[in-house]
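Next comes run14.pdb, a file with PDB, C-alpha atoms.
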ATOM      1  CA  MET A 917     137.273 214.111 139.369
ATOM      2  CA  SER A 918     138.630 210.685 138.740
ATOM      3  CA  GLU A 919     137.099 207.669 140.360
ATOM      4  CA  ASN A 920     138.711 205.953 143.341
ATOM      5  CA  ASN A 921     138.645 202.551 141.617
ATOM      6  CA  THR A 922     136.306 200.498 139.485
ATOM      7  CA  SER A 923     133.802 199.937 142.274
ATOM      8  CA  ASN A 924     130.448 201.367 143.145
ATOM      9  CA  ARG A 925     132.043 203.742 145.718
ATOM     10  CA  VAL A 926     133.211 206.987 144.101
ATOM     11  CA  VAL A 927     133.899 210.651 144.693
ATOM     12  CA  LEU A 928     131.805 213.069 142.637
ATOM     13  CA  LYS A 929     132.367 216.829 142.384
ATOM     14  CA  GLY A 930     129.402 219.181 142.243
ATOM     15  CA  VAL A 931     127.399 221.915 143.918
ATOM     16  CA  ILE A 932     125.554 220.869 147.050
ATOM     17  CA  ASN A 933     121.892 221.714 147.609
ATOM     18  CA  TYR A 934     119.598 220.994 150.548
ATOM     19  CA  PRO A 935     122.392 219.757 152.816
ATOM     20  CA  ALA A 936     121.240 217.933 155.938
ATOM     21  CA  LEU A 937     124.686 217.301 157.369
ATOM     22  CA  ALA A 938     124.378 218.764 160.873
ATOM     23  CA  GLN A 939     120.878 217.448 161.606
ATOM     24  CA  PRO A 940     119.000 214.591 159.926
ATOM     25  CA  LYS A 941     115.788 215.486 158.097
ATOM     26  CA  SER A 942     112.631 213.535 157.419
ATOM     27  CA  ILE A 943     111.144 213.616 153.927
ATOM     28  CA  ASN A 944     107.429 212.893 153.639
ATOM     29  CA  GLY A 945     107.322 211.249 157.061
ATOM     30  CA  SER A 946     110.254 208.892 156.453
ATOM     31  CA  ALA A 947     112.892 208.114 159.071
ATOM     32  CA  PRO A 948     115.200 211.139 159.469
ATOM     33  CA  LYS A 949     118.433 210.885 157.484
ATOM     34  CA  TYR A 950     121.517 212.932 156.798
ATOM     35  CA  GLY A 951     122.023 213.752 153.156
ATOM     36  CA  ALA A 952     122.188 216.223 150.326
ATOM     37  CA  CYS A 953     121.489 216.825 146.680
ATOM     38  CA  LEU A 954     124.565 217.056 144.442
ATOM     39  CA  ILE A 955     124.190 219.120 141.268
ATOM     40  CA  ILE A 956     126.547 218.093 138.443
ATOM     41  CA  ARG A 957     126.912 220.217 135.310
ATOM     42  CA  LYS A 958     126.240 218.319 132.079
ATOM     43  CA  GLU A 959     129.594 219.413 130.692
ATOM     44  CA  ASP A 960     131.458 217.741 133.595
ATOM     45  CA  VAL A 961     132.062 214.654 131.456
ATOM     46  CA  ASP A 962     134.724 213.153 133.747
ATOM     47  CA  VAL A 963     132.370 213.271 136.754
ATOM     48  CA  LEU A 964     129.503 211.808 134.725
ATOM     49  CA  ASN A 965     131.735 209.009 133.378
ATOM     50  CA  THR A 966     132.822 208.214 136.939
ATOM     51  CA  TYR A 967     129.176 208.060 137.982
ATOM     52  CA  GLN A 968     128.330 205.782 135.036
ATOM     53  CA  ARG A 969     131.091 203.310 135.919
ATOM     54  CA  ALA A 970     129.894 203.223 139.542
ATOM     55  CA  LEU A 971     126.297 202.745 138.373
ATOM     56  CA  GLU A 972     127.311 199.793 136.225
ATOM     57  CA  ALA A 973     129.353 198.306 139.114
ATOM     58  CA  ALA A 974     126.338 198.620 141.452
ATOM     59  CA  TYR A 975     124.125 197.001 138.823
ATOM     60  CA  ASP A 976     126.576 194.118 138.355
ATOM     61  CA  ALA A 977     126.911 193.633 142.130
ATOM     62  CA  GLY A 978     123.148 193.721 142.642
ATOM     63  CA  ASP A 979     122.234 190.486 140.860
ATOM     64  CA  ARG A 980     120.524 188.857 143.848
ATOM     65  CA  LYS A 981     118.486 191.939 144.735
ATOM     66  CA  LEU A 982     117.456 192.751 141.190
ATOM     67  CA  MET A 983     116.548 189.264 139.950
ATOM     68  CA  THR A 984     112.959 188.554 139.011
ATOM     69  CA  GLY A 985     112.814 184.802 138.688
ATOM     70  CA  LYS A 986     115.715 183.925 136.419
ATOM     71  CA  THR A 987     116.053 187.317 134.771
ATOM     72  CA  LYS A 988     117.496 190.632 135.805
ATOM     73  CA  PRO A 989     115.887 193.830 134.450
ATOM     74  CA  LYS A 990     118.035 195.879 132.106
ATOM     75  CA  LEU A 991     119.799 198.807 133.755
ATOM     76  CA  ASN A 992     117.922 201.376 131.667
ATOM     77  CA  LEU A 993     114.596 200.060 133.063
ATOM     78  CA  LEU A 994     115.566 200.601 136.715
ATOM     79  CA  ARG A 995     115.211 203.674 138.893
ATOM     80  CA  CYS A 996     118.592 205.372 139.139
ATOM     81  CA  PRO A 997     119.790 208.217 141.374
ATOM     82  CA  LEU A 998     120.920 210.647 138.649
ATOM     83  CA  HIS A 999     118.140 212.875 137.291
ATOM     84  CA  ASP A1000     118.006 215.516 134.551
ATOM     85  CA  GLY A1001     117.516 218.958 136.093
ATOM     86  CA  ASP A1002     116.265 220.455 132.826
ATOM     87  CA  LEU A1003     113.417 217.909 132.719
ATOM     88  CA  ASP A1004     112.618 217.509 136.420
ATOM     89  CA  LYS A1005     113.141 221.065 137.671
ATOM     90  CA  PRO A1006     112.376 223.405 134.763
ATOM     91  CA  GLY A1007     112.834 227.073 135.538
ATOM     92  CA  GLN A1008     115.071 226.436 138.550
ATOM     93  CA  GLU A1009     118.305 228.186 137.634
ATOM     94  CA  ALA A1010     120.554 226.018 139.828
ATOM     95  CA  TYR A1011     119.469 222.898 137.905
ATOM     96  CA  GLU A1012     119.732 224.298 134.365
ATOM     97  CA  ASN A1013     122.081 222.312 132.109
ATOM     98  CA  SER A1014     122.717 219.950 135.039
ATOM     99  CA  TYR A1015     121.995 216.554 136.480
ATOM    100  CA  TYR A1016     121.342 216.018 140.170
ATOM    101  CA  LEU A1017     121.762 213.120 142.568
ATOM    102  CA  ASN A1018     120.277 212.702 146.046
ATOM    103  CA  ALA A1019     122.351 210.720 148.543
ATOM    104  CA  SER A1020     121.609 209.965 152.175
ATOM    105  CA  SER A1021     122.846 208.162 155.264
ATOM    106  CA  LYS A1022     121.239 206.992 158.504
ATOM    107  CA  GLU A1023     124.434 208.036 160.310
ATOM    108  CA  ARG A1024     126.140 211.436 160.401
ATOM    109  CA  VAL A1025     128.859 211.564 157.728
ATOM    110  CA  PRO A1026     132.300 213.174 158.020
ATOM    111  CA  VAL A1027     132.623 216.704 156.649
ATOM    112  CA  VAL A1028     136.154 217.928 155.940
ATOM    113  CA  ASP A1029     137.942 220.874 154.368
ATOM    114  CA  ARG A1030     140.467 220.838 151.512
ATOM    115  CA  GLU A1031     143.231 219.625 153.875
ATOM    116  CA  LEU A1032     140.968 216.839 155.272
ATOM    117  CA  ASN A1033     140.498 218.635 158.605
ATOM    118  CA  PRO A1034     137.055 218.066 160.153
ATOM    119  CA  ILE A1035     134.776 221.101 159.911
ATOM    120  CA  ASP A1036     131.383 221.926 161.387
ATOM    121  CA  PRO A1037     128.737 220.487 159.031
ATOM    122  CA  SER A1038     126.691 223.673 159.409
ATOM    123  CA  GLU A1039     129.398 225.479 157.384
ATOM    124  CA  ILE A1040     128.127 223.669 154.291
ATOM    125  CA  TYR A1041     125.209 225.480 152.683
ATOM    126  CA  SER A1042     123.337 225.222 149.397
ATOM    127  CA  GLY A1043     125.762 226.546 146.776
ATOM    128  CA  CYS A1044     129.058 225.213 148.163
ATOM    129  CA  VAL A1045     131.244 223.275 145.732
ATOM    130  CA  VAL A1046     132.078 219.886 147.238
ATOM    131  CA  ASN A1047     133.456 216.444 146.637
ATOM    132  CA  ALA A1048     130.869 213.896 147.731
ATOM    133  CA  SER A1049     131.856 210.327 148.512
ATOM    134  CA  VAL A1050     128.924 208.101 147.533
ATOM    135  CA  THR A1051     128.262 204.400 147.247
ATOM    136  CA  LEU A1052     125.764 203.276 144.640
ATOM    137  CA  TYR A1053     123.868 200.107 145.524
ATOM    138  CA  ALA A1054     120.996 198.001 144.204
ATOM    139  CA  TYR A1055     117.689 197.844 146.067
ATOM    140  CA  ASN A1056     114.421 195.958 145.746
ATOM    141  CA  THR A1057     111.492 197.038 147.916
ATOM    142  CA  GLY A1058     109.088 194.593 146.347
ATOM    143  CA  VAL A1059     107.301 197.551 144.779
ATOM    144  CA  SER A1060     110.261 199.072 142.960
ATOM    145  CA  LYS A1061     113.804 198.126 142.023
ATOM    146  CA  GLY A1062     116.734 200.299 141.228
ATOM    147  CA  ILE A1063     120.041 201.807 142.190
ATOM    148  CA  ALA A1064     120.305 204.295 145.085
ATOM    149  CA  ALA A1065     123.102 206.467 146.483
ATOM    150  CA  ALA A1066     124.446 206.319 150.037
ATOM    151  CA  LEU A1067     126.359 209.346 151.271
ATOM    152  CA  ASN A1068     129.748 208.523 152.855
ATOM    153  CA  GLY A1069     131.223 211.995 153.389
ATOM    154  CA  ILE A1070     131.653 215.543 152.108
ATOM    155  CA  GLN A1071     134.800 217.542 151.347
ATOM    156  CA  LEU A1072     134.344 221.306 151.009
ATOM    157  CA  ILE A1073     136.210 222.570 147.953
ATOM    158  CA  ARG A1074     135.017 226.181 148.141
ATOM    159  CA  LYS A1075     132.096 228.251 149.277
ATOM    160  CA  GLY A1076     129.902 229.424 146.421
ATOM    161  CA  GLU A1077     126.937 231.656 145.790
ATOM    162  CA  ARG A1078     123.969 230.570 147.882
ATOM    163  CA  ILE A1079     121.181 228.752 146.069
ATOM    164  CA  GLY A1080     117.537 229.491 146.710
ATOM    165  CA  TRP A1081     117.815 232.584 148.820
ATOM    166  CA  GLY A1082     114.973 235.051 148.402
ATOM    167  CA  PRO A1083     115.145 238.812 148.196
ATOM    168  CA  ARG A1084     117.936 240.494 150.079
ATOM    169  CA  ILE A1085     116.944 241.811 153.508
ATOM    170  CA  ASP A1086     118.305 245.278 152.704
ATOM    171  CA  ASN A1087     115.485 245.583 150.158
ATOM    172  CA  ASP A1088     112.966 245.265 152.996
ATOM    173  CA  PHE A1089     114.450 247.501 155.699
ATOM    174  CA  GLN A1090     116.243 250.791 156.001
ATOM    175  CA  VAL A1091     119.150 251.730 158.244
ATOM    176  CA  LEU A1092     117.906 253.359 161.456
ATOM    177  CA  PRO A1093     119.877 255.775 163.594
ATOM    178  CA  ASP A1094     120.834 254.494 167.062
ATOM    179  CA  ASP A1095     118.836 257.112 168.956
ATOM    180  CA  ASP A1096     115.646 257.157 166.863
ATOM    181  CA  GLU A1097     112.888 255.665 169.023
ATOM    182  CA  SER A1098     110.234 258.255 168.198
ATOM    183  CA  ASP A1099     108.644 256.145 165.438
ATOM    184  CA  LEU A1100     108.293 252.986 167.526
ATOM    185  CA  PRO A1101     104.663 251.783 167.780
ATOM    186  CA  PHE A1102     104.908 251.035 171.534
TER     187      PHE A1102
END
Encoded form using structure tokens:
Amino acid sequence: MSENNTSNRVVLKGVINYPALAQPKSINGSAPKYGACLIIRKEDVDVLNTYQRALEAAYDAGDRKLMTGKTKPKLNLLRCPLHDGDLDKPGQEAYENSYYLNASSKERVPVVDRELNPIDPSEIYSGCVVNASVTLYAYNTGVSKGIAAALNGIQLIRKGERIGWGPRIDNDFQVLPDDDESDLPF
């Protein structure tokens, strides 16, 4: 996916995981936020290049927030939103040969289909292929500095195979005839 422009706001294509688009979620007691994890395959060079340009734009725009005295830390020393799935989530198939990025918003974000028609956010599940509009920005909490990702919106490209679902329910139960109540325990 090509970038919108040379700014820190871009559209990235990937597979969504842990979407909190219909209801905000709290992580470790934090304020509830809308958001999602976007999984990007390592071979998606165009998407990764778009991300890198946005990262550099956010770094350049973040001078005031990132300054320590008269110096600004080098970009490679800051916390950044893109993580290596092979290193951080070994053994998790969805993250193999991929990077992932978490993005969030305090406000509900628009969710649209391929034709830009609004859709119910609950239609987006872990495994859907999406375009995610994100804005990368610099932050400084006093304890840590870095670049974070704000989620602006989601466009559903196509529904995919669900991620993280356990054993199929038909492995646990058997089909019962409509009139068979003789084996009920009550």
Residues within 12 Å of range 1032-1040 of chain A, please, as a list in words. Count all atoms listed in the file; anything in the same chain fewer than 6 positions from it doesn't count.
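Listing them by chain and then by number gives Val931, Ile932, Asn933, Tyr934, Pro935, Ala936, Leu937, Ala938, Gln939, Pro940, Tyr950, Gly951, Ala952, Arg1024, Val1025, Pro1026, Val1046, Asn1047, Gly1069, Ile1070, Gln1071, Leu1072, Ile1073, Arg1074, Lys1075, Gly1076, Glu1077, Arg1078 and Ile1079 of chain A.
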Name the residues within 10 Å of (127.3, 204.5, 145.4), counting all atoms listed in the file in the file's coordinates, and put them as an NGL selection string.
:A and (923-927 or 967 or 970-971 or 973-974 or 997 or 1019 or 1049-1054 or 1063-1068)
Can you write just those residues out, C-alpha atoms, as a short mmCIF file (atom, residue, chain, number, x, y, z; two decimals), in the frame of the given file?
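Just written: part-v6.cif:
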data_model
loop_
_atom_site.label_atom_id
_atom_site.label_comp_id
_atom_site.auth_asym_id
_atom_site.auth_seq_id
_atom_site.Cartn_x
_atom_site.Cartn_y
_atom_site.Cartn_z
CA SER A 923 133.80 199.94 142.27
CA ASN A 924 130.45 201.37 143.15
CA ARG A 925 132.04 203.74 145.72
CA VAL A 926 133.21 206.99 144.10
CA VAL A 927 133.90 210.65 144.69
CA TYR A 967 129.18 208.06 137.98
CA ALA A 970 129.89 203.22 139.54
CA LEU A 971 126.30 202.74 138.37
CA ALA A 973 129.35 198.31 139.11
CA ALA A 974 126.34 198.62 141.45
CA PRO A 997 119.79 208.22 141.37
CA ALA A 1019 122.35 210.72 148.54
CA SER A 1049 131.86 210.33 148.51
CA VAL A 1050 128.92 208.10 147.53
CA THR A 1051 128.26 204.40 147.25
CA LEU A 1052 125.76 203.28 144.64
CA TYR A 1053 123.87 200.11 145.52
CA ALA A 1054 121.00 198.00 144.20
CA ILE A 1063 120.04 201.81 142.19
CA ALA A 1064 120.30 204.30 145.08
CA ALA A 1065 123.10 206.47 146.48
CA ALA A 1066 124.45 206.32 150.04
CA LEU A 1067 126.36 209.35 151.27
CA ASN A 1068 129.75 208.52 152.85
#
Rounded to one decimal, what separation in Å do you get between CA of Ala977 in chain A and CA of Glu1023 in chain A?
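That distance, rounded to one decimal, is 23.3 Å.
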Find the residue from A:Ala947, A:Val1091, A:Leu928, A:Val1059 that sits nearest to Leu982 in chain A; use all atoms listed in the file when measuring.
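That would be A:Val1059, the residue with the smallest distance to Leu982 in chain A.
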Among the residues A:Leu994, A:Ala1010, A:Val1027, A:Ile956, the one that comes closest to Tyr975 in chain A [using only C-alpha atoms]:
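Looking only at the distances to Tyr975 in chain A, the closest residue turns out to be A:Leu994.
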Which residue of A:Phe1089, A:Tyr1016, A:Val1045, A:Gly978 approaches Arg1030 in chain A most closely, using only C-alpha atoms
A:Val1045
Between A:Glu959, A:Asp1094, A:Glu972, A:Asp1000, which one has atoms that come closest to Tyr1015 in chain A, using only C-alpha atoms?
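Going through A:Glu959, A:Asp1094, A:Glu972, A:Asp1000 one by one, the smallest distance to Tyr1015 in chain A is for A:Asp1000.
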Have a look at A:Asn1056, A:Asp1029, A:Ser1020, A:Val961 and name the one nearest to Cys1044 in chain A; count only C-alpha atoms.
A:Asp1029
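Separating CA of Thr984 in chain A from CA of Gly1058 in chain A is a distance of 10.3 Å.
The space separating CA of Lys958 in chain A from CA of Lys941 in chain A comes to 28.2 Å.
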Could you state which residues are captured by the PyMOL selection byres ((chain A and resi 1013) around 7) in this file, as a PyMOL selection string?
chain A and resi 957-958+1001-1002+1011-1012+1014
Starting from the displayed file, determine the output of the PyMOL selection byres ((chain A and resi 962-964) around 7) and express the residue list as a VMD selection string.
chain A and resid 917 to 918 928 to 929 960 to 961 965 to 968
Using only C-alpha atoms, can you tell me which of A:Thr1057, A:Pro948, A:Arg980, A:Glu1009 comes closest to Gly1043 in chain A?
A:Glu1009
Please identify all polymer residues lying at most 7 Å from the point (119.6, 213.9, 141.7) (file coordinates), using only C-alpha atoms, and present the result as a JSON list (two decimals) with C-alpha atoms, in the frame of the given file.
[["chain", "number", "residue", "atom", "x", "y", "z"],
["A", 953, "CYS", "CA", 121.49, 216.82, 146.68],
["A", 954, "LEU", "CA", 124.56, 217.06, 144.44],
["A", 955, "ILE", "CA", 124.19, 219.12, 141.27],
["A", 997, "PRO", "CA", 119.79, 208.22, 141.37],
["A", 998, "LEU", "CA", 120.92, 210.65, 138.65],
["A", 999, "HIS", "CA", 118.14, 212.88, 137.29],
["A", 1015, "TYR", "CA", 122.00, 216.55, 136.48],
["A", 1016, "TYR", "CA", 121.34, 216.02, 140.17],
["A", 1017, "LEU", "CA", 121.76, 213.12, 142.57],
["A", 1018, "ASN", "CA", 120.28, 212.70, 146.05]]
